[in-house]
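> See protein.cif below, with mmCIF, C-alpha atoms; chains and numbers go by the auth columns.
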```cif
data_run
loop_
_atom_site.group_PDB
_atom_site.id
_atom_site.type_symbol
_atom_site.label_atom_id
_atom_site.label_comp_id
_atom_site.label_asym_id
_atom_site.label_seq_id
_atom_site.Cartn_x
_atom_site.Cartn_y
_atom_site.Cartn_z
_atom_site.B_iso_or_equiv
_atom_site.auth_seq_id
_atom_site.auth_asym_id
ATOM 1 C CA MET A 1 203.162 -16.410 62.982 0.00 81 A
ATOM 2 C CA PHE A 2 201.898 -17.747 66.309 0.00 82 A
ATOM 3 C CA PRO A 3 200.563 -21.347 66.444 0.00 83 A
ATOM 4 C CA ILE A 4 197.484 -21.713 68.644 0.00 84 A
ATOM 5 C CA GLN A 5 196.004 -25.173 67.945 0.00 85 A
ATOM 6 C CA ASP A 6 196.806 -28.503 66.318 0.00 86 A
ATOM 7 C CA SER A 7 194.660 -31.340 64.966 0.00 87 A
ATOM 8 C CA VAL A 8 196.359 -34.458 66.389 0.00 88 A
ATOM 9 C CA PRO A 9 194.249 -36.363 68.954 0.00 89 A
ATOM 10 C CA THR A 10 195.724 -37.773 72.163 0.00 90 A
ATOM 11 C CA ARG A 11 194.526 -40.546 74.479 0.00 91 A
ATOM 12 C CA ASN A 12 196.614 -39.990 77.597 0.00 92 A
ATOM 13 C CA PRO A 13 197.131 -36.965 79.859 0.00 93 A
ATOM 14 C CA ALA A 14 200.418 -35.200 79.113 0.00 94 A
ATOM 15 C CA PHE A 15 201.839 -35.526 82.627 0.00 95 A
ATOM 16 C CA VAL A 16 205.461 -35.004 81.582 0.00 96 A
ATOM 17 C CA VAL A 17 204.611 -31.888 79.559 0.00 97 A
ATOM 18 C CA TRP A 18 202.697 -30.428 82.494 0.00 98 A
ATOM 19 C CA THR A 19 205.535 -31.300 84.877 0.00 99 A
ATOM 20 C CA LEU A 20 208.144 -29.681 82.631 0.00 100 A
ATOM 21 C CA ILE A 21 206.040 -26.524 82.388 0.00 101 A
ATOM 22 C CA GLY A 22 205.656 -26.479 86.171 0.00 102 A
ATOM 23 C CA VAL A 23 209.392 -26.949 86.763 0.00 103 A
ATOM 24 C CA ASN A 24 210.270 -24.182 84.303 0.00 104 A
ATOM 25 C CA VAL A 25 207.825 -21.787 85.959 0.00 105 A
ATOM 26 C CA LEU A 26 209.124 -22.590 89.458 0.00 106 A
ATOM 27 C CA VAL A 27 212.752 -22.130 88.397 0.00 107 A
ATOM 28 C CA PHE A 28 211.900 -18.806 86.765 0.00 108 A
ATOM 29 C CA LEU A 29 210.080 -17.615 89.893 0.00 109 A
ATOM 30 C CA HIS A 30 213.216 -18.507 91.845 0.00 110 A
ATOM 31 C CA GLN A 31 215.335 -16.562 89.347 0.00 111 A
ATOM 32 C CA ILE A 32 213.327 -13.358 89.623 0.00 112 A
ATOM 33 C CA SER A 33 213.331 -13.612 93.435 0.00 113 A
ATOM 34 C CA LEU A 34 217.138 -13.361 93.546 0.00 114 A
ATOM 35 C CA PRO A 35 218.905 -10.039 94.097 0.00 115 A
ATOM 36 C CA PRO A 36 221.152 -8.976 91.199 0.00 116 A
ATOM 37 C CA HIS A 37 224.446 -10.255 92.625 0.00 117 A
ATOM 38 C CA LEU A 38 222.981 -13.686 93.475 0.00 118 A
ATOM 39 C CA LEU A 39 221.208 -13.872 90.105 0.00 119 A
ATOM 40 C CA GLU A 40 224.518 -13.245 88.340 0.00 120 A
ATOM 41 C CA ALA A 41 226.154 -16.048 90.332 0.00 121 A
ATOM 42 C CA PHE A 42 223.164 -18.339 89.662 0.00 122 A
ATOM 43 C CA LEU A 43 223.356 -17.804 85.909 0.00 123 A
ATOM 44 C CA ARG A 44 227.118 -18.197 85.908 0.00 124 A
ATOM 45 C CA GLU A 45 226.651 -21.572 87.586 0.00 125 A
ATOM 46 C CA TYR A 46 223.673 -23.002 85.677 0.00 126 A
ATOM 47 C CA ALA A 47 223.437 -21.178 82.327 0.00 127 A
ATOM 48 C CA LEU A 48 225.622 -22.321 79.428 0.00 128 A
ATOM 49 C CA ILE A 49 228.753 -20.197 78.901 0.00 129 A
ATOM 50 C CA PRO A 50 230.585 -21.845 75.974 0.00 130 A
ATOM 51 C CA ALA A 51 233.931 -20.232 76.849 0.00 131 A
ATOM 52 C CA ARG A 52 233.961 -22.247 80.073 0.00 132 A
ATOM 53 C CA PHE A 53 234.318 -25.415 78.004 0.00 133 A
ATOM 54 C CA PHE A 54 235.919 -24.475 74.679 0.00 134 A
ATOM 55 C CA GLY A 55 237.299 -20.957 75.055 0.00 135 A
ATOM 56 C CA PRO A 56 239.713 -18.956 77.181 0.00 136 A
ATOM 57 C CA LEU A 57 237.975 -19.801 80.463 0.00 137 A
ATOM 58 C CA ALA A 58 238.496 -23.519 79.779 0.00 138 A
ATOM 59 C CA GLN A 59 242.246 -22.955 79.460 0.00 139 A
ATOM 60 C CA ALA A 60 242.381 -21.175 82.799 0.00 140 A
ATOM 61 C CA ALA A 61 240.054 -23.566 84.654 0.00 141 A
ATOM 62 C CA PRO A 62 239.215 -26.701 82.626 0.00 142 A
ATOM 63 C CA PRO A 63 236.123 -28.745 83.620 0.00 143 A
ATOM 64 C CA GLN A 64 237.096 -31.390 86.143 0.00 144 A
ATOM 65 C CA GLY A 65 234.160 -33.773 86.295 0.00 145 A
ATOM 66 C CA PRO A 66 230.614 -34.548 85.100 0.00 146 A
ATOM 67 C CA ALA A 67 229.105 -31.911 87.416 0.00 147 A
ATOM 68 C CA ASP A 68 231.070 -29.194 85.628 0.00 148 A
ATOM 69 C CA TRP A 69 229.269 -30.121 82.380 0.00 149 A
ATOM 70 C CA ALA A 70 225.815 -29.821 83.975 0.00 150 A
ATOM 71 C CA PRO A 71 225.023 -26.433 82.331 0.00 151 A
ATOM 72 C CA PHE A 72 224.502 -28.268 79.027 0.00 152 A
ATOM 73 C CA ALA A 73 221.319 -29.595 80.668 0.00 153 A
ATOM 74 C CA THR A 74 220.450 -27.090 83.392 0.00 154 A
ATOM 75 C CA ASN A 75 220.343 -24.098 81.057 0.00 155 A
ATOM 76 C CA MET A 76 217.172 -25.469 79.411 0.00 156 A
ATOM 77 C CA PHE A 77 215.223 -24.756 82.605 0.00 157 A
ATOM 78 C CA LEU A 78 216.225 -21.084 82.801 0.00 158 A
ATOM 79 C CA HIS A 79 214.633 -18.121 81.038 0.00 159 A
ATOM 80 C CA GLY A 80 215.477 -14.502 80.415 0.00 160 A
ATOM 81 C CA GLY A 81 212.065 -12.931 81.048 0.00 161 A
ATOM 82 C CA TRP A 82 208.336 -13.462 81.209 0.00 162 A
ATOM 83 C CA MET A 83 207.809 -13.328 77.447 0.00 163 A
ATOM 84 C CA HIS A 84 210.664 -15.789 76.889 0.00 164 A
ATOM 85 C CA LEU A 85 209.078 -18.183 79.385 0.00 165 A
ATOM 86 C CA ILE A 86 205.498 -17.782 78.122 0.00 166 A
ATOM 87 C CA ALA A 87 206.418 -18.254 74.451 0.00 167 A
ATOM 88 C CA ASN A 88 208.417 -21.405 75.191 0.00 168 A
ATOM 89 C CA MET A 89 205.851 -22.953 77.529 0.00 169 A
ATOM 90 C CA TRP A 90 202.992 -22.215 75.131 0.00 170 A
ATOM 91 C CA THR A 91 204.855 -23.959 72.301 0.00 171 A
ATOM 92 C CA LEU A 92 205.626 -26.956 74.533 0.00 172 A
ATOM 93 C CA TRP A 93 201.974 -27.129 75.639 0.00 173 A
ATOM 94 C CA LEU A 94 200.826 -27.065 71.995 0.00 174 A
ATOM 95 C CA PHE A 95 203.203 -29.608 70.411 0.00 175 A
ATOM 96 C CA GLY A 96 204.271 -31.673 73.426 0.00 176 A
ATOM 97 C CA PRO A 97 201.109 -33.664 74.282 0.00 177 A
ATOM 98 C CA ALA A 98 200.863 -35.422 70.903 0.00 178 A
ATOM 99 C CA VAL A 99 204.561 -36.337 70.998 0.00 179 A
ATOM 100 C CA GLU A 100 204.366 -37.577 74.597 0.00 180 A
ATOM 101 C CA ASP A 101 201.257 -39.599 73.713 0.00 181 A
ATOM 102 C CA ARG A 102 203.078 -41.451 70.916 0.00 182 A
ATOM 103 C CA LEU A 103 206.388 -41.884 72.790 0.00 183 A
ATOM 104 C CA GLY A 104 205.119 -42.605 76.291 0.00 184 A
ATOM 105 C CA PRO A 105 206.098 -40.573 79.376 0.00 185 A
ATOM 106 C CA GLY A 106 209.523 -42.107 80.046 0.00 186 A
ATOM 107 C CA ARG A 107 210.713 -41.993 76.455 0.00 187 A
ATOM 108 C CA PHE A 108 209.369 -38.477 76.030 0.00 188 A
ATOM 109 C CA LEU A 109 211.264 -37.167 79.051 0.00 189 A
ATOM 110 C CA ALA A 110 214.518 -38.791 77.891 0.00 190 A
ATOM 111 C CA PHE A 111 213.906 -37.475 74.366 0.00 191 A
ATOM 112 C CA TYR A 112 213.209 -33.936 75.603 0.00 192 A
ATOM 113 C CA LEU A 113 216.389 -33.832 77.682 0.00 193 A
ATOM 114 C CA ALA A 114 218.455 -35.321 74.834 0.00 194 A
ATOM 115 C CA CYS A 115 217.205 -32.644 72.427 0.00 195 A
ATOM 116 C CA GLY A 116 217.997 -29.939 74.967 0.00 196 A
ATOM 117 C CA VAL A 117 221.540 -31.218 75.411 0.00 197 A
ATOM 118 C CA ALA A 118 221.977 -31.505 71.623 0.00 198 A
ATOM 119 C CA ALA A 119 220.802 -27.900 71.286 0.00 199 A
ATOM 120 C CA SER A 120 223.328 -26.809 73.914 0.00 200 A
ATOM 121 C CA TRP A 121 226.162 -28.581 72.109 0.00 201 A
ATOM 122 C CA ALA A 122 225.149 -27.013 68.792 0.00 202 A
ATOM 123 C CA HIS A 123 225.159 -23.547 70.352 0.00 203 A
ATOM 124 C CA ALA A 124 228.505 -24.086 72.067 0.00 204 A
ATOM 125 C CA ALA A 125 230.083 -25.560 68.932 0.00 205 A
ATOM 126 C CA MET A 126 229.079 -22.525 66.860 0.00 206 A
ATOM 127 C CA ASN A 127 230.006 -20.006 69.577 0.00 207 A
ATOM 128 C CA PRO A 128 232.947 -21.634 71.385 0.00 208 A
ATOM 129 C CA THR A 129 234.477 -18.412 72.725 0.00 209 A
ATOM 130 C CA SER A 130 231.252 -16.739 73.857 0.00 210 A
ATOM 131 C CA MET A 131 231.282 -15.407 77.404 0.00 211 A
ATOM 132 C CA LEU A 132 227.535 -14.745 77.394 0.00 212 A
ATOM 133 C CA PRO A 133 225.261 -17.139 79.297 0.00 213 A
ATOM 134 C CA ALA A 134 222.818 -18.977 77.035 0.00 214 A
ATOM 135 C CA LEU A 135 219.572 -20.145 78.575 0.00 215 A
ATOM 136 C CA GLY A 136 216.073 -21.270 77.672 0.00 216 A
ATOM 137 C CA ALA A 137 213.987 -24.319 76.824 0.00 217 A
ATOM 138 C CA SER A 138 213.614 -23.369 73.162 0.00 218 A
ATOM 139 C CA GLY A 139 216.288 -25.810 71.952 0.00 219 A
ATOM 140 C CA ALA A 140 214.571 -28.776 73.627 0.00 220 A
ATOM 141 C CA ILE A 141 211.179 -27.553 72.394 0.00 221 A
ATOM 142 C CA ALA A 142 212.587 -27.239 68.871 0.00 222 A
ATOM 143 C CA GLY A 143 213.335 -30.958 69.165 0.00 223 A
ATOM 144 C CA VAL A 144 209.702 -31.588 70.102 0.00 224 A
ATOM 145 C CA ILE A 145 208.620 -29.638 66.999 0.00 225 A
ATOM 146 C CA GLY A 146 211.010 -31.665 64.832 0.00 226 A
ATOM 147 C CA CYS A 147 209.626 -34.939 66.195 0.00 227 A
ATOM 148 C CA TYR A 148 206.024 -33.760 65.832 0.00 228 A
ATOM 149 C CA VAL A 149 206.536 -32.818 62.198 0.00 229 A
ATOM 150 C CA ARG A 150 208.337 -36.090 61.426 0.00 230 A
ATOM 151 C CA MET A 151 205.404 -38.076 62.848 0.00 231 A
ATOM 152 C CA PHE A 152 202.521 -35.858 61.689 0.00 232 A
ATOM 153 C CA PRO A 153 203.633 -33.964 58.555 0.00 233 A
ATOM 154 C CA LEU A 154 200.071 -33.467 57.285 0.00 234 A
ATOM 155 C CA ALA A 155 198.583 -32.390 60.612 0.00 235 A
ATOM 156 C CA ARG A 156 196.897 -28.994 60.536 0.00 236 A
ATOM 157 C CA ILE A 157 198.220 -26.124 62.649 0.00 237 A
ATOM 158 C CA VAL A 158 195.974 -23.137 63.305 0.00 238 A
ATOM 159 C CA ILE A 159 198.081 -19.984 63.048 0.00 239 A
ATOM 160 C CA MET A 160 197.346 -16.512 64.342 0.00 240 A
ATOM 161 C CA ALA A 161 199.125 -13.685 62.526 0.00 241 A
ATOM 162 C CA PRO A 162 198.523 -10.064 63.526 0.00 242 A
ATOM 163 C CA LEU A 163 197.612 -7.656 60.738 0.00 243 A
ATOM 164 C CA GLY A 164 198.133 -4.419 62.597 0.00 244 A
ATOM 165 C CA PHE A 165 195.707 -4.714 65.510 0.00 245 A
ATOM 166 C CA ILE A 166 193.551 -7.329 63.745 0.00 246 A
ATOM 167 C CA PRO A 167 194.346 -11.045 64.323 0.00 247 A
ATOM 168 C CA ILE A 168 194.169 -13.218 61.210 0.00 248 A
ATOM 169 C CA PHE A 169 193.633 -16.964 61.606 0.00 249 A
ATOM 170 C CA PHE A 170 194.480 -19.645 59.038 0.00 250 A
ATOM 171 C CA GLU A 171 195.513 -23.323 58.791 0.00 251 A
ATOM 172 C CA VAL A 172 198.762 -24.756 57.453 0.00 252 A
ATOM 173 C CA HIS A 173 200.178 -28.266 57.281 0.00 253 A
ATOM 174 C CA ALA A 174 202.666 -29.027 60.029 0.00 254 A
ATOM 175 C CA ILE A 175 205.414 -29.617 57.453 0.00 255 A
ATOM 176 C CA ALA A 176 204.823 -26.157 55.936 0.00 256 A
ATOM 177 C CA PHE A 177 204.913 -24.547 59.376 0.00 257 A
ATOM 178 C CA ALA A 178 208.134 -26.404 60.226 0.00 258 A
ATOM 179 C CA LEU A 179 209.779 -25.442 56.939 0.00 259 A
ATOM 180 C CA PHE A 180 208.984 -21.769 57.492 0.00 260 A
ATOM 181 C CA TRP A 181 210.118 -21.982 61.117 0.00 261 A
ATOM 182 C CA PHE A 182 213.356 -23.791 60.243 0.00 262 A
ATOM 183 C CA LEU A 183 214.247 -21.273 57.534 0.00 263 A
ATOM 184 C CA SER A 184 213.549 -18.463 59.996 0.00 264 A
ATOM 185 C CA GLN A 185 216.202 -20.019 62.258 0.00 265 A
ATOM 186 C CA ILE A 186 218.869 -21.151 59.806 0.00 266 A
ATOM 187 C CA LEU A 187 219.037 -17.946 57.755 0.00 267 A
ATOM 188 C CA PRO A 188 219.789 -15.701 60.771 0.00 268 A
ATOM 189 C CA GLY A 189 222.051 -18.463 62.106 0.00 269 A
ATOM 190 C CA LEU A 190 224.146 -18.397 58.939 0.00 270 A
ATOM 191 C CA MET A 191 224.316 -14.605 59.144 0.00 271 A
ATOM 192 C CA THR A 192 225.827 -14.820 62.636 0.00 272 A
ATOM 193 C CA LEU A 193 228.802 -16.834 61.369 0.00 273 A
ATOM 194 C CA GLY A 194 231.916 -14.723 61.638 0.00 274 A
ATOM 195 C CA GLN A 195 230.316 -12.202 63.979 0.00 275 A
ATOM 196 C CA SER A 196 231.518 -11.523 67.490 0.00 276 A
ATOM 197 C CA ALA A 197 230.606 -14.359 69.821 0.00 277 A
ATOM 198 C CA ASP A 198 229.729 -11.908 72.594 0.00 278 A
ATOM 199 C CA VAL A 199 226.881 -10.180 70.788 0.00 279 A
ATOM 200 C CA GLY A 200 223.661 -11.022 72.641 0.00 280 A
ATOM 201 C CA GLY A 201 220.505 -12.211 70.926 0.00 281 A
ATOM 202 C CA VAL A 202 218.689 -15.378 69.930 0.00 282 A
ATOM 203 C CA ALA A 203 220.599 -18.668 70.148 0.00 283 A
ATOM 204 C CA TRP A 204 219.774 -19.633 66.569 0.00 284 A
ATOM 205 C CA TRP A 205 222.070 -22.657 66.468 0.00 285 A
ATOM 206 C CA ALA A 206 220.531 -24.089 69.627 0.00 286 A
ATOM 207 C CA HIS A 207 217.159 -24.041 67.869 0.00 287 A
ATOM 208 C CA ILE A 208 218.643 -25.618 64.748 0.00 288 A
ATOM 209 C CA GLY A 209 220.490 -28.312 66.701 0.00 289 A
ATOM 210 C CA GLY A 210 217.431 -29.170 68.778 0.00 290 A
ATOM 211 C CA PHE A 211 215.159 -29.400 65.733 0.00 291 A
ATOM 212 C CA VAL A 212 217.577 -31.639 63.821 0.00 292 A
ATOM 213 C CA ALA A 213 217.973 -33.891 66.872 0.00 293 A
ATOM 214 C CA GLY A 214 214.197 -34.217 67.225 0.00 294 A
ATOM 215 C CA TRP A 215 213.743 -34.966 63.530 0.00 295 A
ATOM 216 C CA VAL A 216 216.487 -37.623 63.509 0.00 296 A
ATOM 217 C CA LEU A 217 215.430 -39.299 66.759 0.00 297 A
ATOM 218 C CA ALA A 218 211.687 -39.439 66.002 0.00 298 A
ATOM 219 C CA PRO A 219 211.594 -42.896 64.341 0.00 299 A
ATOM 220 C CA TRP A 220 213.822 -44.387 67.051 0.00 300 A
ATOM 221 C CA VAL A 221 211.958 -43.148 70.114 0.00 301 A
ATOM 222 C CA ARG A 222 208.359 -43.671 69.005 0.00 302 A
ATOM 223 C CA LEU A 223 206.705 -46.634 70.691 0.00 303 A
ATOM 224 C CA PRO A 224 206.613 -49.675 68.366 0.00 304 A
ATOM 225 C CA ALA A 225 203.253 -50.778 67.021 0.00 305 A
ATOM 226 C CA SER A 226 203.361 -53.871 69.239 0.00 306 A
ATOM 227 C CA ALA A 227 203.474 -51.687 72.365 0.00 307 A
ATOM 228 C CA ARG A 228 200.385 -49.595 71.641 0.00 308 A
ATOM 229 C CA ARG A 229 196.925 -50.022 70.228 0.00 309 A
ATOM 230 C CA PRO A 230 196.692 -48.162 66.919 0.00 310 A
ATOM 231 C CA TYR A 231 194.293 -45.284 66.543 0.00 311 A
ATOM 232 C CA PHE A 232 191.149 -46.166 64.646 0.00 312 A
ATOM 233 C CA ALA A 233 189.682 -43.947 61.952 0.00 313 A
ATOM 234 C CA ASP A 234 186.933 -42.629 64.218 0.00 314 A
ATOM 235 C CA GLU A 235 189.346 -41.554 66.975 0.00 315 A
ATOM 236 C CA GLY A 236 190.578 -38.399 65.276 0.00 316 A
ATOM 237 C CA ARG A 237 189.242 -34.965 66.091 0.00 317 A
ATOM 238 C CA MET A 238 186.118 -33.975 64.216 0.00 318 A
ATOM 239 C CA GLY A 239 187.006 -33.588 60.551 0.00 319 A
ATOM 240 C CA PHE A 240 190.544 -34.946 61.007 0.00 320 A
ATOM 241 C CA ALA A 241 192.173 -38.374 60.781 0.00 321 A
ATOM 242 C CA PRO A 242 194.164 -39.778 63.764 0.00 322 A
ATOM 243 C CA ASP A 243 197.416 -38.419 62.294 0.00 323 A
ATOM 244 C CA GLY A 244 195.952 -34.914 62.261 0.00 324 A
ATOM 245 C CA SER A 245 195.460 -34.734 58.494 0.00 325 A
ATOM 246 C CA ARG A 246 192.190 -33.576 56.979 0.00 326 A
ATOM 247 C CA ARG A 247 189.762 -36.493 56.782 0.00 327 A
ATOM 248 C CA ARG A 248 188.580 -37.324 53.277 0.00 328 A
ATOM 249 C CA VAL A 249 184.803 -37.498 53.014 0.00 329 A
ATOM 250 C CA ARG A 250 183.488 -39.658 50.172 0.00 330 A
ATOM 251 C CA GLY A 251 180.506 -38.221 48.358 0.00 331 A
ATOM 252 C CA PRO A 252 177.737 -40.081 46.558 0.00 332 A
ATOM 253 C CA TRP A 253 180.006 -40.479 43.493 0.00 333 A
ATOM 254 C CA GLY A 254 182.903 -42.029 45.472 0.00 334 A
#
```
Please render this file's structure as structure tokens.


Amino acid sequence: MFPIQDSVPTRNPAFVVWTLIGVNVLVFLHQISLPPHLLEAFLREYALIPARFFGPLAQAAPPQGPADWAPFATNMFLHGGWMHLIANMWTLWLFGPAVEDRLGPGRFLAFYLACGVAASWAHAAMNPTSMLPALGASGAIAGVIGCYVRMFPLARIVIMAPLGFIPIFFEVHAIAFALFWFLSQILPGLMTLGQSADVGGVAWWAHIGGFVAGWVLAPWVRLPASARRPYFADEGRMGFAPDGSRRRVRGPWG
């Protein structure tokens, strides 16, 4: 299932979302410009290799200072290919503006980075001896999804699902989309327990950790009512209330 549109209105331009997308694209363009030996060194320096902190590499050369822990944050700006980048940036572009609008730019940026770091810790905790570099913004974006769903559970998400070569479009509540998405992460994540830490693939526990962080932090990072003018009933998108839920239309019988 591929989400393509949501129903939550926004008042302010999503400057932080656009900036994050721009930074991720620029970093990826830098990545693909590097020759193989420099790319390997770049990933070794800025991607997250859990064994450097909790495994055999940490015993040989333990982290010395805050800079050595930077990969827990820097890895969220790296990507493994064009499709990896496009899928992540599309999801951020879809869910990020509504969250930034309700948090404000500064809070949203701090929230995004916090979710990314939480995702990195979750991945490292579940794969402490892995020598493979983990990278990608999907953990931080999972936090954005968690926050979005906590704030707008009844918002409508337009989904595109391919049926062979024919695209099928339908609407689901945000909470239903999130439940399906979360199960699609936690079930494979549980199946990886006990497997070799050096088998490549999706960082399921980074997604899970980021989503949980976003869900938990949502009530604490949202701007208080005193700091923002509330949305009025006529400020939603056509047919939808300001929280993205389907607007109830009263007929002649009430």

> Show me the residues around (189.4, -19.3, 60.9) - criterion: an atom at most 9 Å away, only C-alpha atoms counted - as a list in words.

Val238, Ile239, Ile248, Phe249, Phe250 and Glu251 of chain A

> Given the file above and the PyMOL selection byres ((chain A and resi 109) around 12), which residues are selected, and can you give them as a PyMOL selection string?

chain A and resi 102-108+110-114+119+157-162+165

> How far is it from CA of Arg182 (chain A) to CA of Ala256 (chain A), in Å with one decimal?

21.5 Å

> Determine the residue membership of the PyMOL selection byres ((chain A and resi 258) around 10) for the file above and supply it as a list of chain:residue names.

A:Ala222, A:Ile225, A:Gly226, A:Tyr228, A:Val229, A:Arg230, A:Pro233, A:Val252, A:His253, A:Ala254, A:Ile255, A:Ala256, A:Phe257, A:Leu259, A:Phe260, A:Trp261, A:Phe262, A:Leu263, A:Ser264, A:Phe291

> Box in all listed atoms of region 297-302 of chain A, axis-aligned, with 8 Å more on each side; write out centre and edge lengths in Å to one decimal as lines of an AutoDock Vina configuration file.


```
center_x = 211.9
center_y = -41.8
center_z = 67.2
size_x = 23.1
size_y = 21.1
size_z = 21.8
```

> Please indicate the distance in Å from CA of Gly186 (chain A) to CA of Val224 (chain A), rounded to one decimal place.

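A separation of 14.5 Å between them.
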
> Written as a VMD selection string, which residues does the PyMOL selection byres ((chain A and resi 90) around 7) give for the file shown?

chain A and resid 88 to 89 91 to 92 178 181

> Grab the residues selected above and save them as a PDB file, keeping the file's coordinate frame with C-alpha atoms.


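Listed below is the output, part11.pdb:
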```
ATOM      1  CA  VAL A  88     196.359 -34.458  66.389  1.00  0.00           C
ATOM      2  CA  PRO A  89     194.249 -36.363  68.954  1.00  0.00           C
ATOM      3  CA  ARG A  91     194.526 -40.546  74.479  1.00  0.00           C
ATOM      4  CA  ASN A  92     196.614 -39.990  77.597  1.00  0.00           C
ATOM      5  CA  ALA A 178     200.863 -35.422  70.903  1.00  0.00           C
ATOM      6  CA  ASP A 181     201.257 -39.599  73.713  1.00  0.00           C
TER       7      ASP A 181
END
```

> Select, from A:Gly135, A:Val301, A:Pro146, A:Arg326, the residue with the minimum atom-to-atom distance to Phe188 (chain A), counting all atoms listed in the file.

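Closest residue, counting all atoms listed in the file: A:Val301.
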
> What gap, in Å, lies between CA of Gly216 (chain A) and CA of Gly289 (chain A)?

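Going from CA of Gly216 (chain A) over to CA of Gly289 (chain A), I get 13.8 Å.
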
> Pick out the residues sitting within 8 Å of Leu174 (chain A), and hand them over as a JSON list (two decimals) with C-alpha atoms, in the coordinates of the input; count all atoms listed in the file, and ignore anything fewer than 4 positions along from it in its own chain.


```
[["chain", "number", "residue", "atom", "x", "y", "z"],
["A", 83, "PRO", "CA", 200.56, -21.35, 66.44],
["A", 84, "ILE", "CA", 197.48, -21.71, 68.64],
["A", 85, "GLN", "CA", 196.00, -25.17, 67.94],
["A", 86, "ASP", "CA", 196.81, -28.50, 66.32],
["A", 170, "TRP", "CA", 202.99, -22.22, 75.13]]
```

> Applying 9 Å and all atoms listed in the file, which residues near His287 (chain A) remain after dropping the ones on its own chain fewer than 6 positions away? List them as number ranges by chain.

A: 199, 202-203, 218-223, 262, 265-266

> Put those residues in a file: C-alpha atoms, as a PDB file, in the coordinates of the input.


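That gives us again35.pdb:
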```
ATOM      1  CA  ALA A 199     220.802 -27.900  71.286  1.00  0.00           C
ATOM      2  CA  ALA A 202     225.149 -27.013  68.792  1.00  0.00           C
ATOM      3  CA  HIS A 203     225.159 -23.547  70.352  1.00  0.00           C
ATOM      4  CA  SER A 218     213.614 -23.369  73.162  1.00  0.00           C
ATOM      5  CA  GLY A 219     216.288 -25.810  71.952  1.00  0.00           C
ATOM      6  CA  ALA A 220     214.571 -28.776  73.627  1.00  0.00           C
ATOM      7  CA  ILE A 221     211.179 -27.553  72.394  1.00  0.00           C
ATOM      8  CA  ALA A 222     212.587 -27.239  68.871  1.00  0.00           C
ATOM      9  CA  GLY A 223     213.335 -30.958  69.165  1.00  0.00           C
ATOM     10  CA  PHE A 262     213.356 -23.791  60.243  1.00  0.00           C
ATOM     11  CA  GLN A 265     216.202 -20.019  62.258  1.00  0.00           C
ATOM     12  CA  ILE A 266     218.869 -21.151  59.806  1.00  0.00           C
TER      13      ILE A 266
END
```

> Can you tell me, as a VMD selection string, what residues are no more than 10 Å from Trp149 (chain A) when counting all atoms listed in the file, ignoring any on the same chain fewer than 6 positions away?

chain A and resid 126 128 132 to 133 143
